[in-house]
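Data file: final.txt. Format and content: compact mmCIF, C-alpha atoms and all ligand atoms.
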```txt
# COMPACT_ATOMS: atom_id res chain seq x y z
CA MET A 792 40.53 8.14 32.63
CA ASN A 793 36.78 8.00 33.00
CA THR A 794 34.91 10.02 30.45
CA VAL A 795 31.36 10.11 29.15
CA TYR A 796 29.60 9.55 25.87
CA LYS A 797 27.05 12.27 25.16
CA PHE A 798 24.01 11.03 23.28
CA PRO A 799 22.77 13.30 20.50
CA ASP A 800 20.02 15.80 21.35
CA GLY A 801 16.65 14.28 20.67
CA PHE A 802 17.77 10.74 21.46
CA LEU A 803 14.65 8.99 22.74
CA TRP A 804 14.76 7.30 26.13
CA GLY A 805 11.71 5.36 27.07
CA THR A 806 10.01 2.27 28.31
CA ALA A 807 7.64 0.08 26.31
CA THR A 808 4.35 -1.63 27.02
CA ALA A 809 1.67 -3.44 25.00
CA ALA A 810 -2.04 -2.80 25.44
CA HIS A 811 -3.06 -6.37 26.23
CA GLN A 812 -0.28 -6.78 28.78
CA VAL A 813 -1.09 -3.69 30.84
CA GLU A 814 -4.54 -2.26 30.10
CA GLY A 815 -6.75 -5.04 31.45
CA ASN A 816 -10.07 -6.43 30.20
CA ASN A 817 -9.22 -6.65 26.55
CA TYR A 818 -12.17 -8.99 26.18
CA ASN A 819 -12.86 -8.42 22.51
CA SER A 820 -9.48 -9.79 21.56
CA ASP A 821 -8.45 -13.25 20.40
CA GLY A 822 -5.96 -13.37 23.29
CA TRP A 823 -8.70 -13.02 25.91
CA LEU A 824 -10.63 -15.89 24.35
CA MET A 825 -7.52 -18.10 24.26
CA GLU A 826 -6.84 -17.35 27.95
CA HIS A 827 -10.30 -18.54 28.94
CA LEU A 828 -10.39 -21.89 27.14
CA THR A 829 -10.85 -25.04 29.20
CA HIS A 830 -7.59 -26.16 27.62
CA SER A 831 -5.88 -22.83 28.04
CA LEU A 832 -2.21 -22.59 27.14
CA TYR A 833 -1.93 -19.66 29.55
CA LEU A 834 -0.86 -19.95 33.16
CA GLU A 835 -3.58 -17.47 34.12
CA PRO A 836 -5.78 -14.93 32.35
CA SER A 837 -4.78 -11.29 31.94
CA GLY A 838 -7.81 -10.00 33.88
CA ASP A 839 -7.46 -6.40 35.02
CA ALA A 840 -3.72 -6.49 34.20
CA VAL A 841 -2.25 -3.35 35.79
CA ASP A 842 -5.32 -1.29 34.84
CA HIS A 843 -3.26 1.02 32.69
CA TYR A 844 -6.42 1.69 30.70
CA HIS A 845 -7.70 3.82 33.57
CA ARG A 846 -4.44 4.77 35.26
CA TYR A 847 -2.48 5.97 32.23
CA GLN A 848 -2.43 9.61 33.41
CA ASP A 849 -0.58 8.81 36.63
CA ASP A 850 1.56 6.19 34.89
CA ILE A 851 2.70 8.58 32.19
CA ARG A 852 3.44 11.30 34.73
CA LEU A 853 5.50 8.84 36.77
CA LEU A 854 7.57 7.85 33.72
CA ALA A 855 8.23 11.51 32.94
CA GLU A 856 9.20 12.22 36.55
CA LEU A 857 11.73 9.41 36.39
CA GLY A 858 13.50 11.21 33.55
CA PHE A 859 12.33 9.54 30.35
CA ASN A 860 11.47 11.61 27.29
CA SER A 861 9.47 9.00 25.36
CA TYR A 862 6.92 6.23 25.89
CA ARG A 863 6.15 3.35 23.54
CA PHE A 864 2.68 1.81 23.87
CA SER A 865 0.23 0.06 21.61
CA ILE A 866 -3.19 0.91 20.26
CA GLU A 867 -5.50 -2.09 20.60
CA TRP A 868 -7.16 -3.00 17.31
CA ALA A 869 -9.70 -5.19 19.14
CA ARG A 870 -10.93 -2.06 20.96
CA VAL A 871 -10.76 0.36 18.04
CA GLU A 872 -12.68 -2.00 15.70
CA PRO A 873 -14.68 -4.28 18.01
CA GLU A 874 -16.83 -5.49 15.10
CA ARG A 875 -15.81 -5.60 11.48
CA GLU A 876 -16.00 -2.10 10.03
CA PHE A 877 -17.45 -0.69 13.24
CA PHE A 878 -14.93 1.76 14.63
CA SER A 879 -15.34 3.18 18.10
CA GLN A 880 -14.88 6.93 18.34
CA ALA A 881 -14.87 6.72 22.14
CA ILE A 882 -11.90 4.36 22.07
CA LEU A 883 -10.05 6.51 19.56
CA ASP A 884 -10.69 9.45 21.89
CA HIS A 885 -9.26 7.44 24.77
CA TYR A 886 -6.00 6.87 22.89
CA LYS A 887 -6.01 10.52 21.88
CA ARG A 888 -6.10 11.46 25.56
CA MET A 889 -3.18 9.08 26.18
CA LEU A 890 -1.15 10.72 23.43
CA GLU A 891 -2.03 14.15 24.81
CA ALA A 892 -0.96 13.04 28.28
CA CYS A 893 2.41 12.10 26.80
CA HIS A 894 2.80 15.55 25.27
CA GLN A 895 1.70 17.30 28.47
CA ASN A 896 4.51 15.41 30.21
CA GLN A 897 7.09 16.03 27.47
CA LEU A 898 7.17 12.37 26.41
CA VAL A 899 7.39 11.67 22.67
CA PRO A 900 4.81 8.94 22.04
CA MET A 901 5.84 5.95 19.94
CA MET A 902 2.68 4.19 18.91
CA THR A 903 2.49 0.48 17.99
CA LEU A 904 -0.48 -0.55 15.87
CA HIS A 905 -0.40 -4.28 16.54
CA HIS A 906 1.18 -6.05 19.48
CA PHE A 907 0.20 -9.73 19.22
CA THR A 908 -3.56 -9.47 19.91
CA SER A 909 -6.25 -8.97 17.26
CA PRO A 910 -10.04 -8.59 17.20
CA ARG A 911 -11.91 -11.88 17.61
CA TRP A 912 -13.94 -11.35 14.43
CA LEU A 913 -10.71 -11.17 12.45
CA ILE A 914 -9.77 -14.71 13.44
CA HIS A 915 -13.20 -15.94 12.43
CA GLU A 916 -12.59 -14.39 9.01
CA GLY A 917 -9.24 -16.07 8.40
CA GLY A 918 -6.93 -14.10 10.69
CA TRP A 919 -3.28 -13.77 9.76
CA GLY A 920 -3.56 -16.48 7.13
CA SER A 921 -5.64 -14.28 4.85
CA PHE A 922 -4.54 -11.45 2.57
CA GLU A 923 -7.86 -9.79 3.41
CA THR A 924 -6.36 -9.19 6.85
CA ALA A 925 -3.50 -7.27 5.31
CA ALA A 926 -5.99 -4.96 3.60
CA ARG A 927 -8.03 -4.56 6.80
CA PHE A 928 -4.94 -3.80 8.82
CA GLY A 929 -4.04 -1.15 6.27
CA GLU A 930 -7.48 0.44 6.66
CA TYR A 931 -7.26 0.36 10.43
CA ALA A 932 -3.78 1.93 10.29
CA GLY A 933 -5.05 4.69 8.01
CA LEU A 934 -7.92 5.45 10.35
CA VAL A 935 -5.72 5.53 13.44
CA MET A 936 -3.29 7.87 11.69
CA ARG A 937 -6.07 10.13 10.45
CA GLU A 938 -7.44 10.43 13.98
CA LEU A 939 -4.26 10.37 16.02
CA GLY A 940 -1.31 10.82 13.69
CA ASP A 941 -0.69 14.47 14.44
CA LEU A 942 0.13 13.46 18.02
CA ALA A 943 2.37 10.49 17.18
CA GLY A 944 6.15 10.77 17.35
CA ALA A 945 6.79 7.50 15.51
CA VAL A 946 4.79 4.43 14.52
CA CYS A 947 5.62 0.74 14.75
CA THR A 948 3.23 -1.17 12.51
CA ILE A 949 3.52 -4.78 13.70
CA ASN A 950 5.41 -5.74 16.83
CA GLU A 951 7.86 -8.56 16.14
CA VAL A 952 6.50 -9.44 12.75
CA ASN A 953 9.00 -12.32 12.67
CA ILE A 954 7.93 -13.99 15.91
CA PRO A 955 5.45 -16.45 14.35
CA THR A 956 8.31 -17.58 12.08
CA MET A 957 10.37 -18.13 15.23
CA ALA A 958 7.54 -20.22 16.61
CA ARG A 959 7.55 -22.32 13.42
CA MET A 960 11.30 -22.94 13.67
CA LEU A 961 10.96 -23.89 17.33
CA TRP A 962 8.15 -26.29 16.50
CA MET A 963 10.21 -27.87 13.72
CA ARG A 964 13.12 -28.36 16.09
CA HIS A 965 10.76 -29.89 18.64
CA MET A 966 9.42 -32.31 16.02
CA ASP A 967 12.96 -33.24 14.99
CA GLU A 968 13.87 -34.02 18.56
CA GLU A 969 10.67 -35.64 19.81
CA GLY A 970 8.97 -36.93 16.65
CA ASP A 971 5.24 -36.52 16.17
CA ASN A 972 4.21 -38.51 19.19
CA ASP A 973 1.24 -38.01 21.42
CA GLU A 974 2.92 -37.21 24.67
CA ASP A 975 0.85 -35.31 27.22
CA GLY A 976 2.13 -31.87 26.22
CA ASP A 977 1.47 -32.39 22.54
CA SER A 978 -2.01 -33.74 23.01
CA PHE A 979 -2.96 -30.94 25.40
CA TYR A 980 -1.71 -28.47 22.80
CA ARG A 981 -3.84 -30.15 20.13
CA MET A 982 -6.90 -30.10 22.38
CA ALA A 983 -6.32 -26.40 23.02
CA LEU A 984 -6.19 -25.72 19.29
CA ALA A 985 -9.30 -27.81 18.63
CA GLU A 986 -11.22 -25.97 21.34
CA ALA A 987 -10.03 -22.59 20.07
CA ALA A 988 -11.07 -23.46 16.51
CA THR A 989 -14.56 -24.32 17.73
CA ARG A 990 -14.80 -21.08 19.70
CA PHE A 991 -13.60 -18.95 16.78
CA ARG A 992 -15.84 -20.96 14.44
CA VAL A 993 -13.12 -21.86 11.97
CA PRO A 994 -11.73 -25.21 10.80
CA ILE A 995 -8.56 -25.99 12.73
CA GLU A 996 -6.32 -25.49 9.68
CA LYS A 997 -7.71 -21.96 9.38
CA LEU A 998 -7.08 -21.07 13.02
CA LYS A 999 -4.74 -18.11 12.63
CA PRO A 1000 -4.32 -15.77 15.55
CA PHE A 1001 -1.03 -13.90 15.06
CA MET A 1002 1.10 -16.33 17.06
CA LEU A 1003 -0.34 -19.37 15.28
CA ALA A 1004 0.09 -17.93 11.79
CA THR A 1005 3.42 -19.59 11.26
CA SER A 1006 3.56 -20.72 7.63
CA GLU A 1007 5.53 -19.06 4.85
CA HIS A 1008 2.24 -17.97 3.34
CA ASP A 1009 1.28 -16.31 6.65
CA ARG A 1010 4.61 -14.53 6.71
CA GLU A 1011 3.77 -13.03 3.32
CA VAL A 1012 0.42 -11.90 4.69
CA MET A 1013 2.16 -10.17 7.60
CA LEU A 1014 4.77 -8.47 5.47
CA ASN A 1015 2.02 -7.32 3.16
CA ALA A 1016 0.04 -6.04 6.15
CA HIS A 1017 3.08 -4.10 7.26
CA GLN A 1018 3.47 -2.56 3.82
CA GLN A 1019 -0.17 -1.60 3.53
CA ALA A 1020 -0.14 -0.07 7.01
CA ALA A 1021 3.07 1.84 6.33
CA LEU A 1022 1.63 3.23 3.09
CA ALA A 1023 -1.59 4.23 4.83
CA CYS A 1024 0.34 5.97 7.62
CA LYS A 1025 2.51 7.84 5.14
CA ALA A 1026 -0.54 8.91 3.14
CA GLU A 1027 -1.96 10.56 6.27
CA HIS A 1028 1.23 11.90 7.89
CA PRO A 1029 4.29 11.67 5.65
CA ASP A 1030 6.55 13.17 8.33
CA VAL A 1031 5.93 10.60 11.04
CA PRO A 1032 8.59 7.84 10.89
CA VAL A 1033 7.19 4.34 10.37
CA GLY A 1034 8.82 0.94 10.79
CA MET A 1035 8.35 -2.65 11.90
CA THR A 1036 9.94 -4.22 14.96
CA LEU A 1037 11.75 -7.56 15.05
CA ALA A 1038 12.50 -10.08 17.78
CA MET A 1039 16.24 -10.45 17.39
CA ALA A 1040 18.48 -12.79 19.31
CA ASP A 1041 22.20 -12.29 18.74
CA MET A 1042 22.74 -15.39 16.61
CA GLN A 1043 26.30 -16.50 17.19
CA ALA A 1044 28.18 -19.34 15.51
CA GLU A 1045 30.55 -21.64 17.34
CA PRO A 1046 33.25 -23.12 15.10
CA GLY A 1047 31.57 -25.15 12.37
CA GLY A 1048 28.14 -23.64 13.09
CA GLU A 1049 28.39 -20.75 10.64
CA LEU A 1050 26.42 -22.33 7.82
CA ILE A 1051 23.49 -23.49 9.85
CA ARG A 1052 23.43 -20.22 11.81
CA ASP A 1053 23.26 -18.34 8.53
CA GLU A 1054 20.41 -20.54 7.32
CA TYR A 1055 18.39 -19.88 10.45
CA ARG A 1056 19.27 -16.21 10.42
CA HIS A 1057 18.07 -15.93 6.86
CA GLU A 1058 14.61 -17.23 7.84
CA LEU A 1059 14.35 -15.46 11.17
CA GLN A 1060 15.89 -12.08 10.46
CA ASP A 1061 17.24 -11.45 6.94
CA ILE A 1062 13.95 -11.83 5.08
CA PHE A 1063 12.43 -9.17 7.33
CA LEU A 1064 15.41 -6.81 7.35
CA ASP A 1065 15.52 -7.00 3.54
CA ALA A 1066 11.79 -6.27 3.36
CA ALA A 1067 12.22 -3.22 5.60
CA ARG A 1068 14.99 -1.87 3.40
CA GLU A 1069 13.29 -2.65 0.10
CA GLY A 1070 9.98 -1.24 1.33
CA GLY A 1071 11.59 2.08 2.18
CA ASP A 1072 10.83 1.98 5.91
CA ASP A 1073 12.10 4.86 8.03
CA PHE A 1074 13.66 2.71 10.75
CA ILE A 1075 14.03 -0.78 12.10
CA GLY A 1076 12.93 -1.61 15.64
CA VAL A 1077 15.35 -3.99 17.34
CA GLN A 1078 14.01 -6.08 20.26
CA THR A 1079 16.65 -8.15 21.98
CA TYR A 1080 16.72 -10.27 25.10
CA THR A 1081 19.43 -12.88 24.65
CA ARG A 1082 21.79 -14.70 22.30
CA GLU A 1083 21.57 -18.05 20.53
CA ARG A 1084 24.64 -20.18 19.85
CA TYR A 1085 24.80 -22.48 16.85
CA GLY A 1086 27.07 -25.47 16.40
CA PRO A 1087 27.43 -27.76 13.36
CA GLU A 1088 24.22 -29.60 14.37
CA GLY A 1089 22.18 -26.49 14.99
CA LEU A 1090 21.06 -24.58 18.08
CA LEU A 1091 23.11 -25.33 21.18
CA PRO A 1092 21.66 -25.46 24.68
CA VAL A 1093 22.62 -22.75 27.16
CA ARG A 1094 26.10 -23.57 28.38
CA GLU A 1095 26.14 -25.32 31.76
CA GLY A 1096 26.65 -22.83 34.56
CA ALA A 1097 25.76 -19.83 32.41
CA PRO A 1098 23.37 -17.40 34.11
CA VAL A 1099 19.78 -17.72 32.95
CA THR A 1100 16.79 -15.40 33.22
CA GLN A 1101 13.31 -16.26 34.51
CA MET A 1102 12.46 -17.17 30.91
CA GLY A 1103 15.08 -19.92 30.87
CA TYR A 1104 17.29 -18.29 28.27
CA GLU A 1105 20.78 -16.99 28.86
CA ASN A 1106 21.25 -13.74 30.74
CA TYR A 1107 23.46 -12.15 28.11
CA PRO A 1108 23.03 -8.38 27.86
CA LYS A 1109 25.85 -8.06 25.34
CA ALA A 1110 23.45 -9.52 22.78
CA LEU A 1111 22.10 -6.04 22.12
CA GLU A 1112 25.31 -4.72 20.65
CA GLY A 1113 25.43 -7.63 18.22
CA THR A 1114 21.83 -7.25 17.07
CA ILE A 1115 22.05 -3.48 16.59
CA ARG A 1116 25.14 -3.92 14.44
CA TYR A 1117 23.53 -6.68 12.41
CA ALA A 1118 20.18 -4.94 11.92
CA ALA A 1119 21.81 -1.65 10.92
CA ALA A 1120 24.21 -3.25 8.46
CA LYS A 1121 21.65 -5.53 6.85
CA SER A 1122 18.76 -3.08 6.62
CA GLY A 1123 20.77 0.11 6.10
CA LEU A 1124 18.16 1.85 8.27
CA PRO A 1125 18.34 3.91 11.46
CA VAL A 1126 17.71 1.79 14.54
CA TYR A 1127 15.45 2.23 17.52
CA VAL A 1128 15.95 -0.29 20.27
CA THR A 1129 12.22 -0.73 20.76
CA GLU A 1130 12.58 -3.39 23.50
CA ASN A 1131 15.40 -4.63 25.69
CA GLY A 1132 15.25 -6.07 29.16
CA ILE A 1133 15.30 -9.06 31.46
CA GLY A 1134 12.78 -11.17 33.34
CA THR A 1135 14.18 -11.48 36.84
CA SER A 1136 12.99 -11.23 40.42
CA LEU A 1137 16.32 -9.61 41.36
CA ASP A 1138 16.38 -5.96 40.52
CA SER A 1139 20.16 -5.86 40.99
CA GLU A 1140 20.35 -8.31 38.08
CA ARG A 1141 18.16 -6.01 36.00
CA LEU A 1142 20.37 -3.04 36.78
CA ALA A 1143 23.48 -4.97 35.79
CA TYR A 1144 21.74 -6.07 32.60
CA TYR A 1145 20.93 -2.49 31.60
CA ARG A 1146 24.44 -1.29 32.43
CA THR A 1147 26.01 -3.76 30.02
CA ALA A 1148 23.35 -3.42 27.35
CA LEU A 1149 23.83 0.35 27.29
CA GLN A 1150 27.59 -0.05 26.93
CA GLY A 1151 26.75 -1.95 23.75
CA VAL A 1152 24.51 0.85 22.51
CA VAL A 1153 27.28 3.37 23.14
CA ALA A 1154 29.86 1.21 21.35
CA CYS A 1155 27.61 1.04 18.29
CA MET A 1156 26.99 4.78 18.27
CA ARG A 1157 30.68 5.59 18.67
CA ASP A 1158 31.23 3.50 15.56
CA GLY A 1159 28.82 5.75 13.73
CA ILE A 1160 25.73 3.54 13.75
CA ASP A 1161 22.55 5.61 13.66
CA VAL A 1162 20.72 4.57 16.84
CA ARG A 1163 17.90 6.97 17.68
CA GLY A 1164 16.33 5.64 20.82
CA TYR A 1165 16.33 3.04 23.57
CA TYR A 1166 13.18 1.58 25.17
CA ALA A 1167 13.38 -0.69 28.17
CA TRP A 1168 10.96 -3.58 28.35
CA SER A 1169 9.08 -2.88 30.39
CA ALA A 1170 7.65 0.05 32.29
CA PHE A 1171 5.70 -2.29 34.61
CA ASP A 1172 5.70 -5.88 35.70
CA ASN A 1173 2.88 -7.07 33.50
CA PHE A 1174 1.05 -9.94 31.82
CA GLU A 1175 3.84 -12.01 30.30
CA TRP A 1176 1.54 -13.86 27.90
CA ASN A 1177 1.54 -17.65 28.48
CA SER A 1178 3.61 -17.20 31.64
CA GLY A 1179 1.04 -14.93 33.26
CA TYR A 1180 2.24 -12.57 35.97
CA GLU A 1181 5.06 -14.75 37.29
CA LYS A 1182 7.77 -13.32 35.09
CA THR A 1183 8.75 -9.78 35.93
CA PHE A 1184 10.37 -7.46 33.38
CA GLY A 1185 9.30 -4.09 34.85
CA ILE A 1186 11.30 -1.20 36.20
CA ILE A 1187 8.16 -0.52 38.24
CA SER A 1188 6.44 -3.23 40.26
CA VAL A 1189 2.69 -3.31 40.74
CA ASP A 1190 0.70 -4.72 43.61
CA ARG A 1191 -2.21 -6.08 41.60
CA GLU A 1192 -4.55 -6.12 44.62
CA THR A 1193 -4.23 -2.39 45.19
CA GLN A 1194 -2.75 -1.44 41.80
CA LYS A 1195 -0.08 0.52 43.69
CA ARG A 1196 3.09 1.21 41.70
CA LYS A 1197 6.58 1.07 43.21
CA VAL A 1198 9.62 2.21 41.26
CA LYS A 1199 12.54 -0.22 41.44
CA THR A 1200 16.16 0.87 41.78
CA SER A 1201 16.71 0.01 38.11
CA GLY A 1202 13.91 2.43 37.22
CA PHE A 1203 15.47 5.33 39.10
CA TRP A 1204 18.86 4.47 37.61
CA LEU A 1205 17.63 4.27 34.01
CA GLY A 1206 15.63 7.47 34.42
CA ASP A 1207 18.77 9.23 35.63
CA VAL A 1208 20.70 8.04 32.58
CA ALA A 1209 17.87 9.31 30.37
CA LYS A 1210 17.84 12.68 32.13
CA ALA A 1211 21.61 13.08 31.81
CA ASN A 1212 21.53 11.85 28.18
CA GLN A 1213 25.07 10.60 28.63
CA TYR A 1214 26.82 7.42 29.67
CA PRO A 1215 30.24 6.72 31.16
CA ILE A 1216 32.91 5.10 29.01
CA ASP A 1217 36.31 3.98 30.24
C1 LIG B 1 7.33 -8.97 23.36
C2 LIG B 1 6.72 -8.58 24.68
C3 LIG B 1 7.14 -9.58 25.76
C4 LIG B 1 8.65 -9.51 25.88
C5 LIG B 1 9.26 -10.32 27.00
C6 LIG B 1 8.76 -9.44 23.45
O1 LIG B 1 8.89 -10.54 22.62
O2 LIG B 1 7.18 -7.92 22.42
O3 LIG B 1 5.33 -8.52 24.53
O4 LIG B 1 6.52 -9.34 26.97
O5 LIG B 1 9.22 -9.92 24.66
O6 LIG B 1 9.13 -11.69 26.80
```
Taking this structure as input, can you express it in the form of structure tokens?
Ligand code: BGC
Amino acid sequence: MNTVYKFPDGFLWGTATAAHQVEGNNYNSDGWLMEHLTHSLYLEPSGDAVDHYHRYQDDIRLLAELGFNSYRFSIEWARVEPEREFFSQAILDHYKRMLEACHQNQLVPMMTLHHFTSPRWLIHEGGWGSFETAARFGEYAGLVMRELGDLAGAVCTINEVNIPTMARMLWMRHMDEEGDNDEDGDSFYRMALAEAATRFRVPIEKLKPFMLATSEHDREVMLNAHQQAALACKAEHPDVPVGMTLAMADMQAEPGGELIRDEYRHELQDIFLDAAREGGDDFIGVQTYTRERYGPEGLLPVREGAPVTQMGYENYPKALEGTIRYAAAKSGLPVYVTENGIGTSLDSERLAYYRTALQGVVACMRDGIDVRGYYAWSAFDNFEWNSGYEKTFGIISVDRETQKRKVKTSGFWLGDVAKANQYPID
């Protein structure tokens, strides 16, 4: 017999975006500079993106019309503090209008304070390798909360605070496999770093935009930044829930791979989940796209014949159930799925992905796990960092010549699920 699972009242259904990926012209940020190097590691620059900076009113109304009751977006530090200790009231007012637009459309705003990009001056001053940055981030968080906190539904401090650690592990694997040779890719990468260091006016070993701050020391800086920001937020608005978000693959062990999987999982996930619990965070943000399989020798390649996404990793929507269970058990905190989705040019594939992923959410909740919201990545096809605009994660496509939006079938479908606040189970 077909029956339905009713989500609790107040469950948040939304989509997520990040300022740099959708707003356009974030030219005071480190990301913009990196995109415009002669040796750029980006396929193309972000440019006008999808001009969300000017079109947010219509965009937010569209999301509400689809049926969502929440929207997760980020405040851009590089805009709010374009020069050290110079804060722009006009920019704060802009984000205030965005938050108000959410409320006018009955969307609970979830506000992210840092989503990968930082002000350029910060990188010149040591970036994410310096404990000074943690203090500055705390100050910025306090200011944003003082100005905007009464309109915020929840706050994510740092988006995927563990992703630079993931980059380090990937790099170590690459070195193990290839050795430290000077093949074309490696030397281009080194030239890009050297050029960036010159442009930011720092020695290369001090070049620490978020994504390049990969050492254990840098991880401490980031966790400290999270703590300082969380404290500052709580000091201004104790009632607004605050947490960090993590990039979490479902890390599975094939026979004999348990030990090495656990070692990797310790570095990539446990350290952060423990910090969230010990720091007294209000929730943990789970961001899942795929799984990773580990054998006795380490990470295994995607199985031959397995479906893959545009990103090259396995299309495996069941991963979400595994990561929610793991994050909840390890952190002991309520969970928001702050990102989940698939890069694909086939919207039917996206729809199928969401169907299965949501079954996983329901299974977790029926087992009593405290999941409080689900945010699809992403509202729009947008600037997918190094991959530019080629990879498409949106439930809404955008013609970047005209900036016209077109809702995909998956968008209507997900909005209907949100509106109904229930999901079939068999
Ligand atoms: C990031 C997003 C990114 C998405 C898809 C997440 O790691 O938070 O900014 O676009 O994954 O790759």
With all atoms listed in the file as the atoms that count, which of A:Val1033, A:Ala1209, A:Ala958, A:Ile1062 lies nearest to A:Glu856?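 Using all atoms listed in the file, the shortest distance to A:Glu856 belongs to A:Ala1209.
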Between atom CA of A:Leu1059 and atom CA of A:Asn953, what is the distance, to one decimal in Å? 6.4 Å
Could you check the closest approach to A:Phe991 for each of A:Ser820, A:Asn950, A:Asn896, A:Ser1122 and tell me which residue wins, using all atoms listed in the file?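 The closest residue to A:Phe991 is A:Ser820.
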Contacts of ligand LIG 1 (chain B), 9 Å or closer, all atoms listed in the file, given as a ChimeraX atom specification: /A:807-809,811-812,906-907,950-951,954,1036-1038,1078-1080,1102,1129-1134,1168-1169,1173-1176,1182-1184
Mind writing the picked residues with C-alpha atoms as a compact mmCIF listing (two decimals), in the frame of the given file?
```
# COMPACT_ATOMS: atom_id res chain seq x y z
CA ALA A 807 7.64 0.08 26.31
CA THR A 808 4.35 -1.63 27.02
CA ALA A 809 1.67 -3.44 25.00
CA HIS A 811 -3.06 -6.37 26.23
CA GLN A 812 -0.28 -6.78 28.78
CA HIS A 906 1.18 -6.05 19.48
CA PHE A 907 0.20 -9.73 19.22
CA ASN A 950 5.41 -5.74 16.83
CA GLU A 951 7.86 -8.56 16.14
CA ILE A 954 7.93 -13.99 15.91
CA THR A 1036 9.94 -4.22 14.96
CA LEU A 1037 11.75 -7.56 15.05
CA ALA A 1038 12.50 -10.08 17.78
CA GLN A 1078 14.01 -6.08 20.26
CA THR A 1079 16.65 -8.15 21.98
CA TYR A 1080 16.72 -10.27 25.10
CA MET A 1102 12.46 -17.17 30.91
CA THR A 1129 12.22 -0.73 20.76
CA GLU A 1130 12.58 -3.39 23.50
CA ASN A 1131 15.40 -4.63 25.69
CA GLY A 1132 15.25 -6.07 29.16
CA ILE A 1133 15.30 -9.06 31.46
CA GLY A 1134 12.78 -11.17 33.34
CA TRP A 1168 10.96 -3.58 28.35
CA SER A 1169 9.08 -2.88 30.39
CA ASN A 1173 2.88 -7.07 33.50
CA PHE A 1174 1.05 -9.94 31.82
CA GLU A 1175 3.84 -12.01 30.30
CA TRP A 1176 1.54 -13.86 27.90
CA LYS A 1182 7.77 -13.32 35.09
CA THR A 1183 8.75 -9.78 35.93
CA PHE A 1184 10.37 -7.46 33.38
```
Taking all atoms listed in the file into account, name the residue in A:Asp800, A:Asp839, A:Asp821, A:Glu1049 that is nearest to A:Pro873.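 Checking each of A:Asp800, A:Asp839, A:Asp821, A:Glu1049 against A:Pro873, counting all atoms listed in the file, the winner is A:Asp821.
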For the atom pair atom CA of A:Val813 and atom CA of A:Tyr931, what is the interatomic distance in Å to one decimal place?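 Answer for the atom CA of A:Val813 to atom CA of A:Tyr931 separation: 21.7 Å.
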Within 12 Å of A:Arg1052 using only C-alpha atoms, minus same-chain residues under 6 positions, as a list in words: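 Selected residues are Ala1040, Asp1041, Met1042, Gln1043, Ala1044, Glu1045, Pro1046, Glu1058, Leu1059, Gln1060, Asp1061, Arg1082, Glu1083, Arg1084, Tyr1085, Gly1086, Pro1087, Glu1088, Gly1089, Leu1090 and Leu1091 of chain A.
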Could you check which of A:Ala1211, A:Ala881, A:Val841, A:Leu834 is closest to A:Asn816, using all atoms listed in the file?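 Ranking A:Ala1211, A:Ala881, A:Val841, A:Leu834 by distance to A:Asn816, first place goes to A:Val841.
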For stretch 1022-1106 of chain A against stretch 1145-1163 of chain A, with a cut-off of 12 Å and counting only C-alpha atoms, what is the closest atom pair and its distance in Å to one decimal for every residue that makes the cut, ordered by chain and number, as JSON lines?
```
{"residue": "A:Pro1032", "atom": "CA", "partner": "A:Arg1163", "partner_atom": "CA", "distance": 11.6}
{"residue": "A:Asp1073", "atom": "CA", "partner": "A:Arg1163", "partner_atom": "CA", "distance": 11.5}
{"residue": "A:Phe1074", "atom": "CA", "partner": "A:Arg1163", "partner_atom": "CA", "distance": 9.2}
{"residue": "A:Ile1075", "atom": "CA", "partner": "A:Val1162", "partner_atom": "CA", "distance": 9.8}
{"residue": "A:Gly1076", "atom": "CA", "partner": "A:Val1162", "partner_atom": "CA", "distance": 10.0}
{"residue": "A:Val1077", "atom": "CA", "partner": "A:Val1162", "partner_atom": "CA", "distance": 10.1}
{"residue": "A:Thr1079", "atom": "CA", "partner": "A:Ala1148", "partner_atom": "CA", "distance": 9.8}
{"residue": "A:Tyr1080", "atom": "CA", "partner": "A:Ala1148", "partner_atom": "CA", "distance": 9.8}
{"residue": "A:Thr1081", "atom": "CA", "partner": "A:Ala1148", "partner_atom": "CA", "distance": 10.6}
{"residue": "A:Asn1106", "atom": "CA", "partner": "A:Ala1148", "partner_atom": "CA", "distance": 11.1}
```
Could you tell me how far atom CA of A:Asp1072 sits from atom CA of A:Gly1034, in Å to one decimal place?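 We find that atom CA of A:Gly1034 and atom CA of A:Asp1072 lie 5.4 Å from each other.
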Skip A:Pro1098 itself and residues of its chain fewer than 3 positions away, then list as a ChimeraX atom specification all residues within 12 Å of it, counting all atoms listed in the file. /A:1081,1093-1095,1101-1108,1133,1135,1140,1144
A:Leu832, A:Ile1216, A:Ala1066, A:Leu1014 ranked by distance to A:Arg981, top pick (using all atoms listed in the file):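 Answer, going by the shortest atom-to-atom distance: A:Leu832.
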Hey, could you pull the box centre and edge lengths for stretch 1035-1044 of chain A, axis-aligned, 5 Å padding per side, all listed atoms, to one decimal in Å, as lines of an AutoDock Vina configuration file?
```
center_x = 18.3
center_y = -11.0
center_z = 15.6
size_x = 29.8
size_y = 26.7
size_z = 17.4
```
